[in-house]
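Presented below is the structure to which this report refers.
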Amino acid sequence: MTETAKRRPGPRIEEVARVAGVSKSTVSRVINDEQYVSAKAREAVHAAIAQLGYSPNQAARALAGNRANAIALVVSEPTGRVLSDPFFAGVLRGVHSELAGRHTQLLLMMSQPSDTEDLVTYLSSGHVDGALLVSLHGEDPLVPMLAEIGLPVVSGGRPLGKTVPFVDADNFSGALEAARHLVSLGRKRIATVAGPKDMAVGADRLSGFKRGLSEGKVATDLVAHGDFTPESGARAMERLLRKAPDLDAVFVAADIMALGALQVLHAQGKRVPEDVAVVGFDDSVFAATATPPLTTIRQDVEELGRTMTWRLLAELAGEAGLPPSLLLPTSLVKRSSA
């Protein structure tokens with residue numbers, strides 16, 4: 001969304017009723033222009049709507065129990081990254097496939113800290129029935145703000161410190177398998193290019209990696225963080241090589257960062273896998289075309305998008321007993337880099 005003047009989320013139905021001094025059902029009858037409402041009550045409702053800036057059309061639909069027949073996919077990343085990273089394309093394909101034939105529209109929205117309030121205002125105005133949240137960072141205020149307006153949400157990825165439904169890959173187990181594989185190859189100085197510190201995916205993959213090294217009695221001190229871009233992978237790889245020129249393996253917490261790491265290794269004369277074994281994570285389109293082809297941990301990103309969407313639609317349909325979280329399996333895909 002474009003940046004505009006910040007404002008609080010739009011008023012809720014209850015506020016209209018409270019300011020007007022009437023019940024919600026009375027507000028509904030007024031907005032729908034139904035009978036059996038006194039002139040005084042009708043005037044009070046109209047005055048409250050004008051005072052609060054409430055959208056009568058959206059209010060009428062919400063009070064009548066109708067649906068927008070639309071959901072939002074909110075990605076907390078800059079537009080350029082969303083369009084260039086195959087992870088987001090995979091999630092979008094999965095969401096779209098799950099919505100096929102359901103007569104539900106999809107809105108793709110980018111969220112930045114500067115426009116969170118504007119985004120919440122839009123989402124609170126009845127344009128969508130729920131939201132899928134992807135790539136949350138740290139204590140993102142978006143989650144509590146959406147909870148405040150009562151909008152159903154499902155997060156793609158475990159959110160840090162938030163109690164909202166989520167669907168994620170089993171990042172811990174995947175990274176654990178990557179570390180075990182490198183240990184099984186006899187590597188002794190094993191490093192990692194970990195993900196961002198402010199994202200649960202980064203923390204979970206780092207924890208799994210350290211667990212795997214600890215099992216093999218290998219030191220866990222070689223850690224550098226990136227932000228899921230090739231450039232950050234390259235910078236992290238350079239830092240690791242300065243710290244430990246003798247490192248003989250690296251687990252990179254995303255294939256897209258592994259591209260940058262491989263460039264640095266090649267530039268510094270390191271042979272892959274003879275001198276340095278490399279394992280990535282995602283099994284994205286980059287993995288098979290890397291030089292050499294990348295051994296990686298596969299997560300089914302499209303299935304992530306499908307499952308997130310199923311979980312949200314099931315909640316909107318009122319299904320009982322839905323799981324608060326779902327972890328999807330990962331698997332090791334062996335290629336030439338390790």
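Chains: A, B, ... in order of the structure tokens. Residues: from 1 per chain. Ligands: from 1, in order shown.
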Inset, instruction - Mind the document's chain letters and residue numbers, and return as a ChimeraX atom specification the residues of segment 39-264 of chain A that DSSP labels strand (DSSP E). - result: /A:70-75,105-110,130-134,153-156,166-169,190-194,223-225,249-252
Mind dumping the selected residues with N, CA, C and O atoms as a compact mmCIF listing (two decimals), in the first residue's frame?
# COMPACT_ATOMS: atom_id res chain seq x y z
N ALA A 70 -13.57 -12.82 -0.16
CA ALA A 70 -12.20 -12.46 -0.52
C ALA A 70 -11.32 -12.62 0.71
O ALA A 70 -11.77 -12.44 1.84
N ILE A 71 -10.07 -13.00 0.47
CA ILE A 71 -9.08 -13.05 1.55
C ILE A 71 -7.85 -12.29 1.08
O ILE A 71 -7.64 -12.10 -0.12
N ALA A 72 -7.04 -11.85 2.03
CA ALA A 72 -5.81 -11.13 1.71
C ALA A 72 -4.60 -12.01 1.99
O ALA A 72 -4.58 -12.74 2.98
N LEU A 73 -3.61 -11.92 1.13
CA LEU A 73 -2.29 -12.50 1.39
C LEU A 73 -1.35 -11.33 1.66
O LEU A 73 -1.05 -10.55 0.75
N VAL A 74 -0.95 -11.18 2.91
CA VAL A 74 -0.15 -10.03 3.33
C VAL A 74 1.29 -10.48 3.53
O VAL A 74 1.57 -11.33 4.38
N VAL A 75 2.20 -9.92 2.77
CA VAL A 75 3.61 -10.28 2.83
C VAL A 75 4.39 -9.12 3.43
O VAL A 75 4.37 -8.01 2.90
N GLN A 105 -12.01 -14.38 -3.91
CA GLN A 105 -10.96 -13.59 -4.53
C GLN A 105 -9.75 -13.47 -3.59
O GLN A 105 -9.88 -13.57 -2.37
N LEU A 106 -8.59 -13.23 -4.18
CA LEU A 106 -7.35 -13.08 -3.42
C LEU A 106 -6.77 -11.70 -3.64
O LEU A 106 -6.60 -11.26 -4.79
N LEU A 107 -6.46 -11.01 -2.54
CA LEU A 107 -5.78 -9.71 -2.60
C LEU A 107 -4.36 -9.89 -2.11
O LEU A 107 -4.15 -10.37 -1.00
N LEU A 108 -3.38 -9.52 -2.92
CA LEU A 108 -1.98 -9.58 -2.54
C LEU A 108 -1.56 -8.20 -2.05
O LEU A 108 -1.68 -7.21 -2.78
N MET A 109 -1.06 -8.14 -0.81
CA MET A 109 -0.72 -6.86 -0.20
C MET A 109 0.66 -6.95 0.42
O MET A 109 1.03 -7.97 1.00
N MET A 110 1.45 -5.88 0.29
CA MET A 110 2.76 -5.79 0.92
C MET A 110 2.64 -4.93 2.17
O MET A 110 2.00 -3.88 2.14
N GLY A 130 -10.73 -12.63 5.83
CA GLY A 130 -9.61 -13.09 6.64
C GLY A 130 -8.31 -12.80 5.93
O GLY A 130 -8.31 -12.31 4.79
N ALA A 131 -7.19 -13.10 6.59
CA ALA A 131 -5.89 -12.79 6.01
C ALA A 131 -4.87 -13.89 6.26
O ALA A 131 -4.88 -14.52 7.33
N LEU A 132 -4.03 -14.12 5.28
CA LEU A 132 -2.87 -14.99 5.40
C LEU A 132 -1.65 -14.09 5.55
O LEU A 132 -1.45 -13.17 4.74
N LEU A 133 -0.84 -14.33 6.57
CA LEU A 133 0.31 -13.47 6.85
C LEU A 133 1.60 -14.26 6.58
O LEU A 133 1.76 -15.37 7.08
N VAL A 134 2.50 -13.68 5.81
CA VAL A 134 3.73 -14.36 5.43
C VAL A 134 4.92 -13.46 5.73
O VAL A 134 4.87 -12.26 5.52
N VAL A 153 -7.00 -14.79 11.04
CA VAL A 153 -5.72 -14.81 10.35
C VAL A 153 -5.06 -16.18 10.53
O VAL A 153 -5.29 -16.87 11.51
N VAL A 154 -4.22 -16.53 9.57
CA VAL A 154 -3.34 -17.68 9.67
C VAL A 154 -1.97 -17.23 9.19
O VAL A 154 -1.85 -16.58 8.14
N SER A 155 -0.95 -17.54 9.95
CA SER A 155 0.41 -17.15 9.59
C SER A 155 1.11 -18.27 8.84
O SER A 155 1.01 -19.44 9.22
N GLY A 156 1.80 -17.91 7.79
CA GLY A 156 2.69 -18.84 7.11
C GLY A 156 4.06 -18.74 7.74
O GLY A 156 4.81 -17.81 7.47
N PHE A 166 -0.87 -21.09 12.81
CA PHE A 166 0.17 -20.99 11.80
C PHE A 166 0.41 -22.33 11.15
O PHE A 166 0.12 -23.39 11.71
N VAL A 167 0.96 -22.26 9.94
CA VAL A 167 1.40 -23.43 9.19
C VAL A 167 2.87 -23.17 8.83
O VAL A 167 3.22 -22.08 8.39
N ASP A 168 3.71 -24.17 9.03
CA ASP A 168 5.13 -23.98 8.77
C ASP A 168 5.75 -25.30 8.33
O ASP A 168 5.19 -26.37 8.57
N ALA A 169 6.90 -25.20 7.68
CA ALA A 169 7.72 -26.39 7.47
C ALA A 169 8.36 -26.77 8.79
O ALA A 169 8.51 -25.93 9.69
N ILE A 190 32.33 -27.09 10.50
CA ILE A 190 31.06 -26.88 9.81
C ILE A 190 30.46 -25.56 10.26
O ILE A 190 30.23 -25.32 11.44
N ALA A 191 30.20 -24.69 9.29
CA ALA A 191 29.64 -23.37 9.56
C ALA A 191 28.18 -23.32 9.10
O ALA A 191 27.69 -24.24 8.43
N THR A 192 27.50 -22.23 9.43
CA THR A 192 26.16 -21.99 8.90
C THR A 192 25.97 -20.53 8.57
O THR A 192 26.43 -19.64 9.31
N VAL A 193 25.32 -20.29 7.45
CA VAL A 193 24.75 -18.98 7.15
C VAL A 193 23.30 -19.06 7.59
O VAL A 193 22.47 -19.66 6.91
N ALA A 194 23.03 -18.53 8.77
CA ALA A 194 21.70 -18.65 9.36
C ALA A 194 20.77 -17.56 8.83
O ALA A 194 21.22 -16.57 8.24
N VAL A 223 28.90 -19.23 13.03
CA VAL A 223 27.56 -18.79 12.66
C VAL A 223 27.63 -17.35 12.15
O VAL A 223 28.23 -16.48 12.79
N ALA A 224 27.04 -17.10 10.99
CA ALA A 224 26.86 -15.75 10.47
C ALA A 224 25.44 -15.66 9.94
O ALA A 224 24.92 -16.63 9.37
N HIS A 225 24.81 -14.51 10.10
CA HIS A 225 23.40 -14.36 9.73
C HIS A 225 23.24 -13.61 8.41
O HIS A 225 24.01 -12.69 8.11
N ALA A 249 32.73 -27.18 5.54
CA ALA A 249 31.32 -27.39 5.20
C ALA A 249 30.51 -26.20 5.68
O ALA A 249 30.89 -25.52 6.64
N VAL A 250 29.40 -25.94 5.00
CA VAL A 250 28.51 -24.86 5.42
C VAL A 250 27.07 -25.24 5.11
O VAL A 250 26.76 -25.75 4.03
N PHE A 251 26.22 -25.04 6.08
CA PHE A 251 24.77 -25.17 5.90
C PHE A 251 24.23 -23.76 5.73
O PHE A 251 24.38 -22.92 6.61
N VAL A 252 23.59 -23.51 4.59
CA VAL A 252 23.02 -22.19 4.30
C VAL A 252 21.51 -22.30 4.43
O VAL A 252 20.88 -23.14 3.78
Inset, instruction - Name the residues in contact with Ala178 of chain A at a cut-off of 8 Å, using only C-alpha atoms, excluding same-chain residues fewer than 4 positions from it; report them as number ranges by chain. - result: A: 174, 182, 209, 212, 251, 279, 296-297, 332
For the selection just defined, write its residues with N, CA and C atoms to a file, as a PDB file, in the first residue's frame.
ATOM      1  N   GLY A 174      14.446 -30.239   9.591  1.00  0.00           N
ATOM      2  CA  GLY A 174      15.147 -30.123   8.317  1.00  0.00           C
ATOM      3  C   GLY A 174      16.600 -29.720   8.508  1.00  0.00           C
ATOM      4  N   LEU A 182      26.101 -33.495   6.903  1.00  0.00           N
ATOM      5  CA  LEU A 182      27.467 -32.964   6.813  1.00  0.00           C
ATOM      6  C   LEU A 182      28.410 -33.678   7.778  1.00  0.00           C
ATOM      7  N   PHE A 209      20.272 -27.020  13.366  1.00  0.00           N
ATOM      8  CA  PHE A 209      21.653 -27.171  12.920  1.00  0.00           C
ATOM      9  C   PHE A 209      22.580 -27.419  14.111  1.00  0.00           C
ATOM     10  N   GLY A 212      22.259 -30.895  15.552  1.00  0.00           N
ATOM     11  CA  GLY A 212      22.908 -31.921  14.747  1.00  0.00           C
ATOM     12  C   GLY A 212      24.414 -31.941  14.932  1.00  0.00           C
ATOM     13  N   PHE A 251      26.219 -25.038   6.084  1.00  0.00           N
ATOM     14  CA  PHE A 251      24.774 -25.168   5.897  1.00  0.00           C
ATOM     15  C   PHE A 251      24.225 -23.760   5.731  1.00  0.00           C
ATOM     16  N   VAL A 279      25.218 -27.277   1.859  1.00  0.00           N
ATOM     17  CA  VAL A 279      23.825 -27.728   1.887  1.00  0.00           C
ATOM     18  C   VAL A 279      22.937 -26.499   2.056  1.00  0.00           C
ATOM     19  N   THR A 296      20.199 -29.953  -0.744  1.00  0.00           N
ATOM     20  CA  THR A 296      19.357 -29.022  -0.004  1.00  0.00           C
ATOM     21  C   THR A 296      18.277 -29.767   0.764  1.00  0.00           C
ATOM     22  N   ILE A 297      17.643 -29.053   1.654  1.00  0.00           N
ATOM     23  CA  ILE A 297      16.491 -29.587   2.377  1.00  0.00           C
ATOM     24  C   ILE A 297      15.228 -29.116   1.671  1.00  0.00           C
ATOM     25  N   LEU A 332      15.770 -34.412   2.785  1.00  0.00           N
ATOM     26  CA  LEU A 332      17.078 -34.105   2.207  1.00  0.00           C
ATOM     27  C   LEU A 332      17.094 -34.501   0.724  1.00  0.00           C
TER      28      LEU A 332
END
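Nearest to Val278 of chain A of all the residues A:Ala317, A:Leu326, A:Ala179, A:Ala200 is A:Ala179, counting only C-alpha atoms.
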Inset, instruction - Report the distance between atom CA of Asp221 of chain A and atom CA of Leu241 of chain A in Å, rounded to one decimal place. - result: 12.9 Å
Inset, instruction - Based on DSSP run over this structure's backbone, return all residues of segment 24-251 of chain A in alpha helix (DSSP H), as a PyMOL selection string. - result: chain A and resi 24-31+39-52+56-63+79-84+86-99+116-123+142-149+171-184+200-215+230-243
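Residues with any atom within 9 Å of Arg306 of chain A, counting only C-alpha atoms and excluding same-chain neighbours fewer than 4 positions away, are A:Val91, A:Leu92, A:Arg93, A:Gly94, A:Val95, A:His96, A:Ser97, A:Glu98, A:Leu99, A:Val301, A:Glu302, A:Trp310, A:Arg311.
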Inset, instruction - Measuring atom to atom with only C-alpha atoms, identify which of A:Pro113, A:Ala261, A:Ser38, A:Gly138 is nearest to Ser232 of chain A. - result: A:Ala261
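Between atom CA of Val218 of chain A and atom CA of Thr291 of chain A lies a distance of 27.2 Å.
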Inset, instruction - Write out as a PyMOL selection string the residues lying within 12 Å of Ala267 of chain A, counting only C-alpha atoms and excluding same-chain residues fewer than 4 positions away. - result: chain A and resi 234+237-238+241+260-263+271-272
Could you dump the residues just selected with all heavy atoms as an mmCIF file, in the first residue's frame?
data_model
loop_
_atom_site.group_PDB
_atom_site.id
_atom_site.type_symbol
_atom_site.label_atom_id
_atom_site.label_comp_id
_atom_site.auth_asym_id
_atom_site.auth_seq_id
_atom_site.Cartn_x
_atom_site.Cartn_y
_atom_site.Cartn_z
ATOM 1 N N ALA A 234 26.385 -13.912 0.500
ATOM 2 C CA ALA A 234 27.780 -13.680 0.130
ATOM 3 C C ALA A 234 28.536 -13.006 1.272
ATOM 4 O O ALA A 234 29.655 -13.402 1.629
ATOM 5 C CB ALA A 234 27.842 -12.817 -1.130
ATOM 6 N N MET A 237 29.174 -15.460 4.070
ATOM 7 C CA MET A 237 30.211 -16.433 3.715
ATOM 8 C C MET A 237 31.593 -15.813 3.840
ATOM 9 O O MET A 237 32.542 -16.462 4.310
ATOM 10 C CB MET A 237 29.969 -16.920 2.279
ATOM 11 C CG MET A 237 30.779 -18.160 1.897
ATOM 12 S SD MET A 237 30.210 -19.659 2.714
ATOM 13 C CE MET A 237 31.555 -19.976 3.848
ATOM 14 N N GLU A 238 31.723 -14.557 3.443
ATOM 15 C CA GLU A 238 33.006 -13.870 3.581
ATOM 16 C C GLU A 238 33.411 -13.758 5.051
ATOM 17 O O GLU A 238 34.586 -13.969 5.401
ATOM 18 C CB GLU A 238 32.919 -12.482 2.949
ATOM 19 C CG GLU A 238 32.844 -12.511 1.425
ATOM 20 C CD GLU A 238 32.572 -11.143 0.831
ATOM 21 O OE1 GLU A 238 32.142 -10.237 1.592
ATOM 22 O OE2 GLU A 238 32.773 -10.974 -0.389
ATOM 23 N N LEU A 241 34.634 -17.192 6.325
ATOM 24 C CA LEU A 241 35.952 -17.573 5.825
ATOM 25 C C LEU A 241 37.057 -16.760 6.498
ATOM 26 O O LEU A 241 38.167 -17.276 6.711
ATOM 27 C CB LEU A 241 36.015 -17.400 4.311
ATOM 28 C CG LEU A 241 35.230 -18.450 3.497
ATOM 29 C CD1 LEU A 241 35.155 -18.042 2.035
ATOM 30 C CD2 LEU A 241 35.867 -19.834 3.640
ATOM 31 N N GLY A 260 24.768 -16.745 -3.195
ATOM 32 C CA GLY A 260 25.820 -15.800 -2.847
ATOM 33 C C GLY A 260 26.995 -16.479 -2.190
ATOM 34 O O GLY A 260 28.159 -16.149 -2.458
ATOM 35 N N ALA A 261 26.720 -17.457 -1.322
ATOM 36 C CA ALA A 261 27.792 -18.183 -0.651
ATOM 37 C C ALA A 261 28.657 -18.934 -1.660
ATOM 38 O O ALA A 261 29.893 -18.946 -1.560
ATOM 39 C CB ALA A 261 27.205 -19.146 0.375
ATOM 40 N N LEU A 262 28.034 -19.570 -2.641
ATOM 41 C CA LEU A 262 28.781 -20.309 -3.658
ATOM 42 C C LEU A 262 29.668 -19.375 -4.483
ATOM 43 O O LEU A 262 30.809 -19.729 -4.829
ATOM 44 C CB LEU A 262 27.809 -21.052 -4.575
ATOM 45 C CG LEU A 262 27.143 -22.309 -3.988
ATOM 46 C CD1 LEU A 262 26.023 -22.795 -4.893
ATOM 47 C CD2 LEU A 262 28.174 -23.418 -3.766
ATOM 48 N N GLN A 263 29.166 -18.188 -4.800
ATOM 49 C CA GLN A 263 29.971 -17.230 -5.563
ATOM 50 C C GLN A 263 31.248 -16.872 -4.808
ATOM 51 O O GLN A 263 32.332 -16.787 -5.398
ATOM 52 C CB GLN A 263 29.144 -15.976 -5.850
ATOM 53 C CG GLN A 263 28.047 -16.175 -6.872
ATOM 54 C CD GLN A 263 27.220 -14.919 -7.089
ATOM 55 O OE1 GLN A 263 27.288 -13.962 -6.316
ATOM 56 N NE2 GLN A 263 26.423 -14.913 -8.148
ATOM 57 N N ARG A 271 36.993 -25.335 -3.765
ATOM 58 C CA ARG A 271 36.246 -26.290 -4.582
ATOM 59 C C ARG A 271 35.056 -26.833 -3.789
ATOM 60 O O ARG A 271 35.187 -27.138 -2.607
ATOM 61 C CB ARG A 271 37.146 -27.435 -5.016
ATOM 62 C CG ARG A 271 38.332 -27.032 -5.898
ATOM 63 C CD ARG A 271 39.285 -28.203 -6.056
ATOM 64 N NE ARG A 271 39.780 -28.661 -4.752
ATOM 65 C CZ ARG A 271 40.367 -29.836 -4.556
ATOM 66 N NH1 ARG A 271 40.501 -30.695 -5.552
ATOM 67 N NH2 ARG A 271 40.798 -30.164 -3.345
ATOM 68 N N VAL A 272 33.910 -26.919 -4.473
ATOM 69 C CA VAL A 272 32.696 -27.459 -3.860
ATOM 70 C C VAL A 272 32.337 -28.742 -4.604
ATOM 71 O O VAL A 272 32.154 -28.715 -5.824
ATOM 72 C CB VAL A 272 31.527 -26.442 -3.953
ATOM 73 C CG1 VAL A 272 30.252 -27.019 -3.346
ATOM 74 C CG2 VAL A 272 31.906 -25.121 -3.271
#
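Across A:Pro196, A:Pro230, A:Thr289, A:Asp170, the tightest approach to Gly208 of chain A is made by A:Asp170 when counting only C-alpha atoms.
Restricting the calculation to only C-alpha atoms, the smallest distance between Leu213 of chain A and any of A:Thr229, A:Leu119, A:Lys188, A:Gly195 is found for A:Lys188.
For the pair atom CA of Arg102 of chain A and atom CA of Leu304 of chain A, the interatomic distance is 18.4 Å.
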